[in-house]
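Text of coords.txt (compact mmCIF, N, CA and C atoms) as supplied:
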```txt
# COMPACT_ATOMS: atom_id res chain seq x y z
N MET A 1 0.86 -1.17 0.00
CA MET A 1 0.00 0.00 0.00
C MET A 1 0.90 1.24 0.00
N GLU A 2 0.55 2.22 -0.78
CA GLU A 2 1.30 3.47 -0.85
C GLU A 2 1.17 4.23 0.47
N PRO A 3 2.19 5.02 0.87
CA PRO A 3 2.10 5.76 2.13
C PRO A 3 0.87 6.66 2.25
N ALA A 4 0.51 7.37 1.19
CA ALA A 4 -0.68 8.23 1.26
C ALA A 4 -1.94 7.41 1.47
N THR A 5 -2.00 6.23 0.86
CA THR A 5 -3.15 5.34 1.03
C THR A 5 -3.20 4.79 2.45
N ILE A 6 -2.05 4.45 3.01
CA ILE A 6 -1.99 3.98 4.40
C ILE A 6 -2.56 5.03 5.34
N ILE A 7 -2.14 6.28 5.14
CA ILE A 7 -2.58 7.37 6.03
C ILE A 7 -4.08 7.60 5.90
N VAL A 8 -4.60 7.71 4.68
CA VAL A 8 -6.03 7.99 4.51
C VAL A 8 -6.88 6.80 4.94
N THR A 9 -6.39 5.58 4.74
CA THR A 9 -7.13 4.40 5.20
C THR A 9 -7.20 4.39 6.72
N ALA A 10 -6.09 4.71 7.37
CA ALA A 10 -6.08 4.77 8.84
C ALA A 10 -7.04 5.84 9.34
N LEU A 11 -7.05 7.00 8.68
CA LEU A 11 -7.98 8.06 9.07
C LEU A 11 -9.43 7.63 8.88
N ALA A 12 -9.74 7.00 7.76
CA ALA A 12 -11.12 6.57 7.49
C ALA A 12 -11.55 5.50 8.49
N ILE A 13 -10.69 4.52 8.73
CA ILE A 13 -11.04 3.47 9.70
C ILE A 13 -11.19 4.06 11.09
N GLY A 14 -10.27 4.94 11.46
CA GLY A 14 -10.37 5.58 12.77
C GLY A 14 -11.63 6.39 12.94
N ALA A 15 -12.02 7.10 11.89
CA ALA A 15 -13.24 7.90 11.96
C ALA A 15 -14.47 7.01 12.07
N VAL A 16 -14.50 5.93 11.31
CA VAL A 16 -15.65 5.02 11.35
C VAL A 16 -15.72 4.31 12.69
N THR A 17 -14.62 3.71 13.10
CA THR A 17 -14.64 2.92 14.33
C THR A 17 -14.66 3.79 15.56
N GLY A 18 -14.12 4.99 15.46
CA GLY A 18 -14.10 5.88 16.61
C GLY A 18 -15.48 6.32 17.04
N MET A 19 -16.47 6.15 16.17
CA MET A 19 -17.83 6.56 16.49
C MET A 19 -18.67 5.40 17.03
N LYS A 20 -18.15 4.21 17.06
CA LYS A 20 -18.92 3.06 17.53
C LYS A 20 -18.62 2.82 19.00
N SER A 21 -19.60 2.32 19.72
CA SER A 21 -19.48 2.22 21.17
C SER A 21 -18.62 1.07 21.65
N LEU A 22 -18.47 0.01 20.88
CA LEU A 22 -17.77 -1.17 21.34
C LEU A 22 -16.33 -1.26 20.83
N VAL A 23 -15.76 -0.13 20.49
CA VAL A 23 -14.44 -0.12 19.90
C VAL A 23 -13.37 0.00 20.99
N GLU A 24 -12.28 -0.69 20.78
CA GLU A 24 -11.19 -0.63 21.73
C GLU A 24 -10.69 0.81 21.90
N GLN A 25 -10.34 1.14 23.11
CA GLN A 25 -9.84 2.48 23.42
C GLN A 25 -8.55 2.78 22.65
N ALA A 26 -7.75 1.77 22.37
CA ALA A 26 -6.50 1.99 21.64
C ALA A 26 -6.74 2.55 20.24
N VAL A 27 -7.81 2.10 19.57
CA VAL A 27 -8.12 2.63 18.24
C VAL A 27 -8.58 4.08 18.35
N LYS A 28 -9.43 4.35 19.31
CA LYS A 28 -9.89 5.73 19.51
C LYS A 28 -8.71 6.65 19.80
N ASP A 29 -7.84 6.22 20.72
CA ASP A 29 -6.68 7.05 21.08
C ASP A 29 -5.73 7.22 19.90
N GLY A 30 -5.49 6.13 19.17
CA GLY A 30 -4.60 6.19 18.01
C GLY A 30 -5.14 7.11 16.93
N TYR A 31 -6.45 7.05 16.71
CA TYR A 31 -7.07 7.93 15.72
C TYR A 31 -6.95 9.39 16.12
N GLN A 32 -7.27 9.69 17.38
CA GLN A 32 -7.18 11.08 17.85
C GLN A 32 -5.74 11.60 17.74
N SER A 33 -4.79 10.76 18.09
CA SER A 33 -3.39 11.15 18.02
C SER A 33 -2.96 11.43 16.59
N LEU A 34 -3.34 10.54 15.66
CA LEU A 34 -3.00 10.74 14.24
C LEU A 34 -3.68 11.98 13.69
N LYS A 35 -4.95 12.13 13.96
CA LYS A 35 -5.71 13.28 13.47
C LYS A 35 -5.11 14.59 14.00
N ASN A 36 -4.84 14.64 15.29
CA ASN A 36 -4.30 15.87 15.88
C ASN A 36 -2.91 16.20 15.34
N LEU A 37 -2.10 15.19 15.13
CA LEU A 37 -0.76 15.42 14.58
C LEU A 37 -0.85 15.98 13.17
N ILE A 38 -1.70 15.40 12.35
CA ILE A 38 -1.86 15.90 10.97
C ILE A 38 -2.40 17.33 10.98
N LYS A 39 -3.42 17.58 11.81
CA LYS A 39 -4.01 18.93 11.86
C LYS A 39 -3.00 19.96 12.34
N THR A 40 -2.10 19.57 13.24
CA THR A 40 -1.10 20.49 13.76
C THR A 40 0.00 20.76 12.73
N LYS A 41 0.52 19.69 12.13
CA LYS A 41 1.64 19.83 11.20
C LYS A 41 1.20 20.24 9.79
N TYR A 42 0.00 19.82 9.40
CA TYR A 42 -0.49 20.06 8.03
C TYR A 42 -1.95 20.51 8.09
N PRO A 43 -2.19 21.74 8.52
CA PRO A 43 -3.58 22.20 8.72
C PRO A 43 -4.41 22.27 7.44
N ASP A 44 -3.77 22.21 6.27
CA ASP A 44 -4.52 22.27 5.01
C ASP A 44 -5.10 20.92 4.58
N VAL A 45 -4.77 19.85 5.30
CA VAL A 45 -5.34 18.53 4.99
C VAL A 45 -6.75 18.47 5.58
N GLY A 46 -7.71 18.06 4.77
CA GLY A 46 -9.13 18.06 5.16
C GLY A 46 -9.54 16.89 6.03
N VAL A 47 -8.87 16.72 7.17
CA VAL A 47 -9.18 15.62 8.08
C VAL A 47 -10.63 15.71 8.57
N ASP A 48 -11.09 16.91 8.89
CA ASP A 48 -12.46 17.07 9.39
C ASP A 48 -13.50 16.68 8.34
N ARG A 49 -13.22 16.99 7.08
CA ARG A 49 -14.12 16.59 5.99
C ARG A 49 -14.25 15.07 5.93
N LEU A 50 -13.12 14.40 6.05
CA LEU A 50 -13.12 12.94 5.99
C LEU A 50 -13.82 12.36 7.21
N GLU A 51 -13.65 12.99 8.36
CA GLU A 51 -14.30 12.50 9.58
C GLU A 51 -15.82 12.57 9.47
N LYS A 52 -16.33 13.57 8.78
CA LYS A 52 -17.79 13.70 8.61
C LYS A 52 -18.36 12.62 7.70
N LYS A 53 -17.59 12.19 6.70
CA LYS A 53 -18.06 11.17 5.75
C LYS A 53 -16.92 10.19 5.47
N PRO A 54 -16.52 9.39 6.47
CA PRO A 54 -15.35 8.51 6.29
C PRO A 54 -15.53 7.42 5.24
N GLU A 55 -16.76 7.02 4.94
CA GLU A 55 -16.98 5.99 3.93
C GLU A 55 -17.04 6.55 2.51
N SER A 56 -17.01 7.88 2.38
CA SER A 56 -17.10 8.52 1.08
C SER A 56 -15.81 8.36 0.28
N LYS A 57 -15.89 7.67 -0.83
CA LYS A 57 -14.73 7.49 -1.70
C LYS A 57 -14.24 8.84 -2.22
N THR A 58 -15.15 9.77 -2.45
CA THR A 58 -14.78 11.10 -2.92
C THR A 58 -13.94 11.82 -1.88
N GLN A 59 -14.38 11.77 -0.61
CA GLN A 59 -13.62 12.42 0.46
C GLN A 59 -12.27 11.74 0.67
N GLN A 60 -12.26 10.40 0.63
CA GLN A 60 -11.01 9.67 0.80
C GLN A 60 -10.01 10.06 -0.30
N ALA A 61 -10.49 10.13 -1.54
CA ALA A 61 -9.61 10.48 -2.66
C ALA A 61 -9.10 11.91 -2.52
N ALA A 62 -9.97 12.83 -2.11
CA ALA A 62 -9.56 14.23 -1.95
C ALA A 62 -8.50 14.37 -0.86
N VAL A 63 -8.72 13.71 0.27
CA VAL A 63 -7.75 13.79 1.36
C VAL A 63 -6.45 13.09 0.99
N GLU A 64 -6.55 11.96 0.29
CA GLU A 64 -5.34 11.27 -0.16
C GLU A 64 -4.53 12.15 -1.10
N GLU A 65 -5.21 12.89 -1.98
CA GLU A 65 -4.52 13.80 -2.89
C GLU A 65 -3.84 14.92 -2.11
N GLU A 66 -4.53 15.48 -1.12
CA GLU A 66 -3.93 16.52 -0.28
C GLU A 66 -2.71 15.99 0.47
N ILE A 67 -2.82 14.77 0.99
CA ILE A 67 -1.71 14.15 1.72
C ILE A 67 -0.49 14.01 0.81
N ALA A 68 -0.71 13.55 -0.41
CA ALA A 68 0.39 13.39 -1.36
C ALA A 68 0.95 14.74 -1.79
N ASP A 69 0.07 15.69 -2.11
CA ASP A 69 0.50 17.02 -2.58
C ASP A 69 1.30 17.78 -1.52
N LEU A 70 0.93 17.62 -0.26
CA LEU A 70 1.59 18.37 0.82
C LEU A 70 2.78 17.61 1.43
N GLY A 71 3.03 16.40 0.94
CA GLY A 71 4.16 15.64 1.44
C GLY A 71 3.94 14.96 2.78
N VAL A 72 2.69 14.88 3.20
CA VAL A 72 2.38 14.23 4.47
C VAL A 72 2.81 12.76 4.43
N ASP A 73 2.70 12.15 3.27
CA ASP A 73 3.05 10.74 3.12
C ASP A 73 4.56 10.48 3.26
N LYS A 74 5.35 11.52 3.31
CA LYS A 74 6.80 11.40 3.50
C LYS A 74 7.18 11.64 4.96
N ASP A 75 6.21 12.01 5.79
CA ASP A 75 6.44 12.30 7.20
C ASP A 75 6.45 10.98 7.98
N THR A 76 7.62 10.53 8.41
CA THR A 76 7.74 9.22 9.06
C THR A 76 6.97 9.13 10.37
N GLU A 77 6.87 10.23 11.10
CA GLU A 77 6.11 10.21 12.36
C GLU A 77 4.64 9.92 12.10
N ILE A 78 4.08 10.57 11.10
CA ILE A 78 2.67 10.36 10.75
C ILE A 78 2.46 8.96 10.18
N LEU A 79 3.36 8.54 9.31
CA LEU A 79 3.23 7.21 8.71
C LEU A 79 3.29 6.12 9.78
N LYS A 80 4.17 6.25 10.76
CA LYS A 80 4.25 5.27 11.85
C LYS A 80 2.96 5.22 12.65
N LYS A 81 2.37 6.39 12.93
CA LYS A 81 1.11 6.43 13.67
C LYS A 81 -0.02 5.79 12.85
N ALA A 82 -0.03 6.05 11.55
CA ALA A 82 -1.06 5.48 10.68
C ALA A 82 -0.92 3.96 10.61
N GLU A 83 0.31 3.47 10.47
CA GLU A 83 0.53 2.02 10.42
C GLU A 83 0.15 1.37 11.75
N PHE A 84 0.48 2.02 12.86
CA PHE A 84 0.11 1.49 14.18
C PHE A 84 -1.42 1.41 14.31
N LEU A 85 -2.11 2.45 13.86
CA LEU A 85 -3.56 2.47 13.93
C LEU A 85 -4.16 1.34 13.09
N LEU A 86 -3.64 1.13 11.89
CA LEU A 86 -4.14 0.03 11.05
C LEU A 86 -3.87 -1.32 11.69
N ASP A 87 -2.68 -1.50 12.26
CA ASP A 87 -2.37 -2.76 12.95
C ASP A 87 -3.31 -2.99 14.13
N THR A 88 -3.59 -1.93 14.88
CA THR A 88 -4.50 -2.04 16.03
C THR A 88 -5.91 -2.38 15.56
N ALA A 89 -6.34 -1.73 14.48
CA ALA A 89 -7.70 -1.96 13.97
C ALA A 89 -7.89 -3.38 13.46
N LYS A 90 -6.80 -4.04 13.06
CA LYS A 90 -6.91 -5.43 12.59
C LYS A 90 -7.43 -6.36 13.68
N ASN A 91 -7.24 -5.97 14.93
CA ASN A 91 -7.67 -6.80 16.05
C ASN A 91 -9.13 -6.58 16.44
N LEU A 92 -9.80 -5.67 15.77
CA LEU A 92 -11.20 -5.40 16.08
C LEU A 92 -12.10 -6.41 15.40
N PRO A 93 -13.28 -6.64 15.97
CA PRO A 93 -14.26 -7.48 15.27
C PRO A 93 -14.59 -6.87 13.91
N ALA A 94 -14.81 -7.70 12.92
CA ALA A 94 -15.03 -7.25 11.54
C ALA A 94 -16.18 -6.25 11.43
N GLU A 95 -17.20 -6.37 12.28
CA GLU A 95 -18.34 -5.46 12.15
C GLU A 95 -18.00 -4.03 12.54
N ASN A 96 -16.83 -3.81 13.16
CA ASN A 96 -16.45 -2.47 13.60
C ASN A 96 -15.58 -1.72 12.61
N VAL A 97 -15.17 -2.35 11.53
CA VAL A 97 -14.28 -1.68 10.61
C VAL A 97 -14.84 -1.70 9.19
N LEU A 98 -14.36 -0.74 8.41
CA LEU A 98 -14.71 -0.66 7.00
C LEU A 98 -13.95 -1.77 6.28
N VAL A 99 -14.65 -2.67 5.63
CA VAL A 99 -14.01 -3.83 5.03
C VAL A 99 -14.11 -3.76 3.51
N ILE A 100 -12.96 -3.98 2.86
CA ILE A 100 -12.93 -4.09 1.41
C ILE A 100 -13.06 -5.57 1.09
N GLY A 101 -13.99 -5.92 0.22
CA GLY A 101 -14.22 -7.33 -0.12
C GLY A 101 -13.03 -7.96 -0.82
N VAL A 102 -12.59 -7.38 -1.92
CA VAL A 102 -11.44 -7.87 -2.68
C VAL A 102 -10.55 -6.67 -2.97
N ASP A 103 -9.27 -6.77 -2.59
CA ASP A 103 -8.32 -5.67 -2.78
C ASP A 103 -7.08 -6.23 -3.48
N LEU A 104 -6.93 -5.93 -4.77
CA LEU A 104 -5.83 -6.45 -5.57
C LEU A 104 -4.94 -5.30 -6.02
N GLU A 105 -3.62 -5.53 -5.97
CA GLU A 105 -2.69 -4.51 -6.41
C GLU A 105 -1.57 -5.16 -7.20
N LYS A 106 -1.18 -4.51 -8.30
CA LYS A 106 -0.08 -4.97 -9.15
C LYS A 106 -0.25 -6.44 -9.53
N ILE A 107 -1.36 -6.71 -10.15
CA ILE A 107 -1.67 -8.09 -10.54
C ILE A 107 -1.68 -8.18 -12.07
N GLU A 108 -1.11 -9.26 -12.58
CA GLU A 108 -1.14 -9.55 -14.02
C GLU A 108 -1.72 -10.94 -14.18
N ALA A 109 -2.68 -11.07 -15.08
CA ALA A 109 -3.33 -12.37 -15.27
C ALA A 109 -3.93 -12.45 -16.66
N ALA A 110 -4.20 -13.67 -17.07
CA ALA A 110 -4.86 -13.89 -18.36
C ALA A 110 -6.30 -13.39 -18.30
N ALA A 111 -6.96 -13.61 -17.16
CA ALA A 111 -8.35 -13.20 -16.99
C ALA A 111 -8.62 -13.00 -15.50
N LEU A 112 -9.75 -12.39 -15.21
CA LEU A 112 -10.14 -12.18 -13.82
C LEU A 112 -11.63 -12.46 -13.68
N LYS A 113 -11.97 -13.31 -12.72
CA LYS A 113 -13.38 -13.58 -12.44
C LYS A 113 -13.58 -13.47 -10.93
N ILE A 114 -14.46 -12.57 -10.54
CA ILE A 114 -14.80 -12.36 -9.13
C ILE A 114 -16.30 -12.43 -9.02
N LYS A 115 -16.80 -13.19 -8.03
CA LYS A 115 -18.24 -13.40 -7.93
C LYS A 115 -18.68 -13.42 -6.47
N ASP A 116 -19.84 -12.83 -6.22
CA ASP A 116 -20.53 -12.91 -4.94
C ASP A 116 -19.72 -12.31 -3.80
N ILE A 117 -19.54 -10.99 -3.83
CA ILE A 117 -18.78 -10.26 -2.81
C ILE A 117 -19.74 -9.42 -1.98
N ILE A 118 -19.58 -9.49 -0.68
CA ILE A 118 -20.33 -8.63 0.25
C ILE A 118 -19.30 -7.91 1.10
N ALA A 119 -19.36 -6.59 1.15
CA ALA A 119 -18.40 -5.82 1.94
C ALA A 119 -19.08 -4.60 2.54
N THR A 120 -18.61 -4.19 3.73
CA THR A 120 -19.15 -2.98 4.34
C THR A 120 -18.55 -1.74 3.69
N GLY A 121 -17.40 -1.87 3.08
CA GLY A 121 -16.75 -0.75 2.39
C GLY A 121 -16.81 -0.97 0.90
N THR A 122 -15.66 -0.85 0.26
CA THR A 122 -15.54 -1.06 -1.18
C THR A 122 -15.68 -2.54 -1.49
N GLY A 123 -16.44 -2.87 -2.52
CA GLY A 123 -16.63 -4.27 -2.89
C GLY A 123 -15.41 -4.86 -3.56
N VAL A 124 -14.91 -4.21 -4.59
CA VAL A 124 -13.74 -4.69 -5.33
C VAL A 124 -12.85 -3.49 -5.62
N LYS A 125 -11.57 -3.64 -5.31
CA LYS A 125 -10.60 -2.58 -5.57
C LYS A 125 -9.41 -3.20 -6.29
N VAL A 126 -9.12 -2.73 -7.52
CA VAL A 126 -7.99 -3.22 -8.29
C VAL A 126 -7.14 -2.02 -8.69
N ARG A 127 -5.85 -2.09 -8.35
CA ARG A 127 -4.91 -1.04 -8.71
C ARG A 127 -3.78 -1.66 -9.52
N GLU A 128 -3.40 -1.00 -10.59
CA GLU A 128 -2.30 -1.43 -11.44
C GLU A 128 -2.48 -2.88 -11.91
N GLY A 129 -3.67 -3.18 -12.41
CA GLY A 129 -3.95 -4.52 -12.91
C GLY A 129 -3.77 -4.60 -14.42
N LYS A 130 -3.20 -5.70 -14.90
CA LYS A 130 -3.04 -5.94 -16.34
C LYS A 130 -3.64 -7.30 -16.64
N PHE A 131 -4.61 -7.29 -17.56
CA PHE A 131 -5.32 -8.53 -17.89
C PHE A 131 -5.32 -8.71 -19.41
N GLN A 132 -5.08 -9.94 -19.84
CA GLN A 132 -5.05 -10.24 -21.26
C GLN A 132 -6.45 -10.50 -21.83
N GLY A 133 -7.31 -11.12 -21.04
CA GLY A 133 -8.62 -11.52 -21.52
C GLY A 133 -9.74 -10.84 -20.75
N GLU A 134 -10.77 -11.63 -20.49
CA GLU A 134 -11.99 -11.13 -19.86
C GLU A 134 -11.80 -10.72 -18.42
N ILE A 135 -12.57 -9.73 -18.04
CA ILE A 135 -12.72 -9.36 -16.64
C ILE A 135 -14.20 -9.53 -16.33
N ASP A 136 -14.52 -10.44 -15.43
CA ASP A 136 -15.91 -10.77 -15.11
C ASP A 136 -16.12 -10.59 -13.61
N ILE A 137 -16.87 -9.55 -13.25
CA ILE A 137 -17.16 -9.27 -11.85
C ILE A 137 -18.67 -9.26 -11.69
N GLU A 138 -19.18 -10.15 -10.81
CA GLU A 138 -20.63 -10.30 -10.66
C GLU A 138 -21.03 -10.24 -9.19
N GLN A 139 -22.25 -9.83 -8.96
CA GLN A 139 -22.91 -9.88 -7.66
C GLN A 139 -22.07 -9.26 -6.54
N VAL A 140 -21.70 -8.00 -6.73
CA VAL A 140 -20.95 -7.27 -5.71
C VAL A 140 -21.94 -6.39 -4.93
N ARG A 141 -21.97 -6.60 -3.63
CA ARG A 141 -22.82 -5.79 -2.75
C ARG A 141 -21.90 -5.08 -1.77
N ALA A 142 -21.72 -3.78 -1.99
CA ALA A 142 -20.80 -3.00 -1.16
C ALA A 142 -21.55 -1.98 -0.32
N GLY A 143 -20.91 -1.57 0.76
CA GLY A 143 -21.51 -0.58 1.65
C GLY A 143 -22.62 -1.14 2.50
N GLN A 144 -22.66 -2.46 2.66
CA GLN A 144 -23.72 -3.10 3.44
C GLN A 144 -23.26 -3.31 4.87
N GLU A 145 -24.11 -2.99 5.80
CA GLU A 145 -23.79 -3.14 7.21
C GLU A 145 -23.81 -4.58 7.66
N ASN A 146 -24.77 -5.36 7.19
CA ASN A 146 -24.90 -6.74 7.63
C ASN A 146 -24.94 -7.67 6.44
N THR A 147 -24.38 -8.85 6.61
CA THR A 147 -24.45 -9.85 5.55
C THR A 147 -25.76 -10.57 5.64
N PRO A 148 -26.31 -11.03 4.52
CA PRO A 148 -27.57 -11.74 4.56
C PRO A 148 -27.43 -13.06 5.31
N LYS A 149 -28.48 -13.46 5.99
CA LYS A 149 -28.49 -14.72 6.71
C LYS A 149 -28.78 -15.85 5.73
N THR A 150 -28.05 -16.97 5.91
CA THR A 150 -28.25 -18.11 5.01
C THR A 150 -29.05 -19.19 5.69
```

Output the structure of this file as structure tokens.
Amino acid sequence: MEPATIIVTALAIGAVTGMKSLVEQAVKDGYQSLKNLIKTKYPDVGVDRLEKKPESKTQQAAVEEEIADLGVDKDTEILKKAEFLLDTAKNLPAENVLVIGVDLEKIEAAALKIKDIIATGTGVKVREGKFQGEIDIEQVRAGQENTPKT
């Protein structure tokens, strides 16, 4: 994951999970620490915008662009806090975090077939993919809070 993506993902997860009642205090504290550090060192980054709509892909992309443009992604102190927050969030129950169903990066293949994805966040995310043949993605349900009962 690129440094700017790590930082914005940590901010989005922290904003989402920081608002839920059953979240570990470490995630809340880590999010507040990361947010405050960015706001202090880089006040032009729209952290508050992202906090209001953390699941918004538009807000995530805008903040990620600001982070890259202002060099926040090169700040090792901020990157370490973001990585720590993501590592801490991995220990949370799945219902407390924004989940990407399928996340592929730098993949080369003859074809791609993805079927029946349910995710609370992005359903399918592919970056830097090269495919020779068909790409077949079916039955993606993203942004859903609960999975259907079987």

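Around stretch 31-33 of chain A, within 8 Å and counting only N, CA and C atoms, the residues found are Ala10, Leu11, Ile13, Gly14, Ala15, Gly18, Gln25, Ala26, Val27, Lys28, Asp29, Lys35, Asn36, Leu37, Ile38, Lys39, Lys81, Ala82, Phe84 and Leu85 of chain A, once anything fewer than 2 positions away on its own chain is removed.
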
Taking N, CA and C atoms for each residue, export the selection above as a tab-separated table (two decimals), in the coordinates of the input.
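Output (result-v8.tsv):
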```tsv
chain	number	residue	atom	x	y	z
A	10	ALA	N	-6.09	4.71	7.37
A	10	ALA	CA	-6.08	4.77	8.84
A	10	ALA	C	-7.04	5.84	9.34
A	11	LEU	N	-7.05	7.00	8.68
A	11	LEU	CA	-7.98	8.06	9.07
A	11	LEU	C	-9.43	7.63	8.88
A	13	ILE	N	-10.69	4.52	8.73
A	13	ILE	CA	-11.04	3.47	9.70
A	13	ILE	C	-11.19	4.06	11.09
A	14	GLY	N	-10.27	4.94	11.46
A	14	GLY	CA	-10.37	5.58	12.77
A	14	GLY	C	-11.63	6.39	12.94
A	15	ALA	N	-12.02	7.10	11.89
A	15	ALA	CA	-13.24	7.90	11.96
A	15	ALA	C	-14.47	7.01	12.07
A	18	GLY	N	-14.12	4.99	15.46
A	18	GLY	CA	-14.10	5.88	16.61
A	18	GLY	C	-15.48	6.32	17.04
A	25	GLN	N	-10.34	1.14	23.11
A	25	GLN	CA	-9.84	2.48	23.42
A	25	GLN	C	-8.55	2.78	22.65
A	26	ALA	N	-7.75	1.77	22.37
A	26	ALA	CA	-6.50	1.99	21.64
A	26	ALA	C	-6.74	2.55	20.24
A	27	VAL	N	-7.81	2.10	19.57
A	27	VAL	CA	-8.12	2.63	18.24
A	27	VAL	C	-8.58	4.08	18.35
A	28	LYS	N	-9.43	4.35	19.31
A	28	LYS	CA	-9.89	5.73	19.51
A	28	LYS	C	-8.71	6.65	19.80
A	29	ASP	N	-7.84	6.22	20.72
A	29	ASP	CA	-6.68	7.05	21.08
A	29	ASP	C	-5.73	7.22	19.90
A	35	LYS	N	-4.95	12.13	13.96
A	35	LYS	CA	-5.71	13.28	13.47
A	35	LYS	C	-5.11	14.59	14.00
A	36	ASN	N	-4.84	14.64	15.29
A	36	ASN	CA	-4.30	15.87	15.88
A	36	ASN	C	-2.91	16.20	15.34
A	37	LEU	N	-2.10	15.19	15.13
A	37	LEU	CA	-0.76	15.42	14.58
A	37	LEU	C	-0.85	15.98	13.17
A	38	ILE	N	-1.70	15.40	12.35
A	38	ILE	CA	-1.86	15.90	10.97
A	38	ILE	C	-2.40	17.33	10.98
A	39	LYS	N	-3.42	17.58	11.81
A	39	LYS	CA	-4.01	18.93	11.86
A	39	LYS	C	-3.00	19.96	12.34
A	81	LYS	N	2.37	6.39	12.93
A	81	LYS	CA	1.11	6.43	13.67
A	81	LYS	C	-0.02	5.79	12.85
A	82	ALA	N	-0.03	6.05	11.55
A	82	ALA	CA	-1.06	5.48	10.68
A	82	ALA	C	-0.92	3.96	10.61
A	84	PHE	N	0.48	2.02	12.86
A	84	PHE	CA	0.11	1.49	14.18
A	84	PHE	C	-1.42	1.41	14.31
A	85	LEU	N	-2.11	2.45	13.86
A	85	LEU	CA	-3.56	2.47	13.93
A	85	LEU	C	-4.16	1.34	13.09
```

key: Spatial neighbours of A:Lys41, 12 Å, only C-alpha atoms, chain gap at least 6 places, as a PyMOL selection string   = chain A and resi 34-35+67+70-72+75+77-78

query = Quick one, how far is atom N of A:Gly123 from atom N of A:Glu105?
reply =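 Result for atom N of A:Gly123 versus atom N of A:Glu105: 13.5 Å, one decimal.
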
ask   = What separation in Å, quoted to one decimal, exists between atom CA of A:Leu79 and atom CA of A:Pro3?
value = 6.8 Å

Interatomic distance (Å, one decimal) between atom CA of A:Lys115 and atom CA of A:Val140 =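 Calculated distance between atom CA of A:Lys115 and atom CA of A:Val140 is 7.1 Å.
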
inquiry  = Between A:Pro54, A:Ala111, A:Ala12, A:Gly30, which residue has the minimum interatomic distance to A:Phe131, considering all atoms listed in the file?
reply    =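 Once distances to A:Phe131 are computed over all atoms listed in the file, the minimum belongs to A:Ala111.
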
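Of the listed residues A:Lys130, A:Gln59, A:Val8, A:Glu83, the one whose atoms come nearest to A:Leu104 is A:Lys130, with distances taken using only C-alpha atoms.
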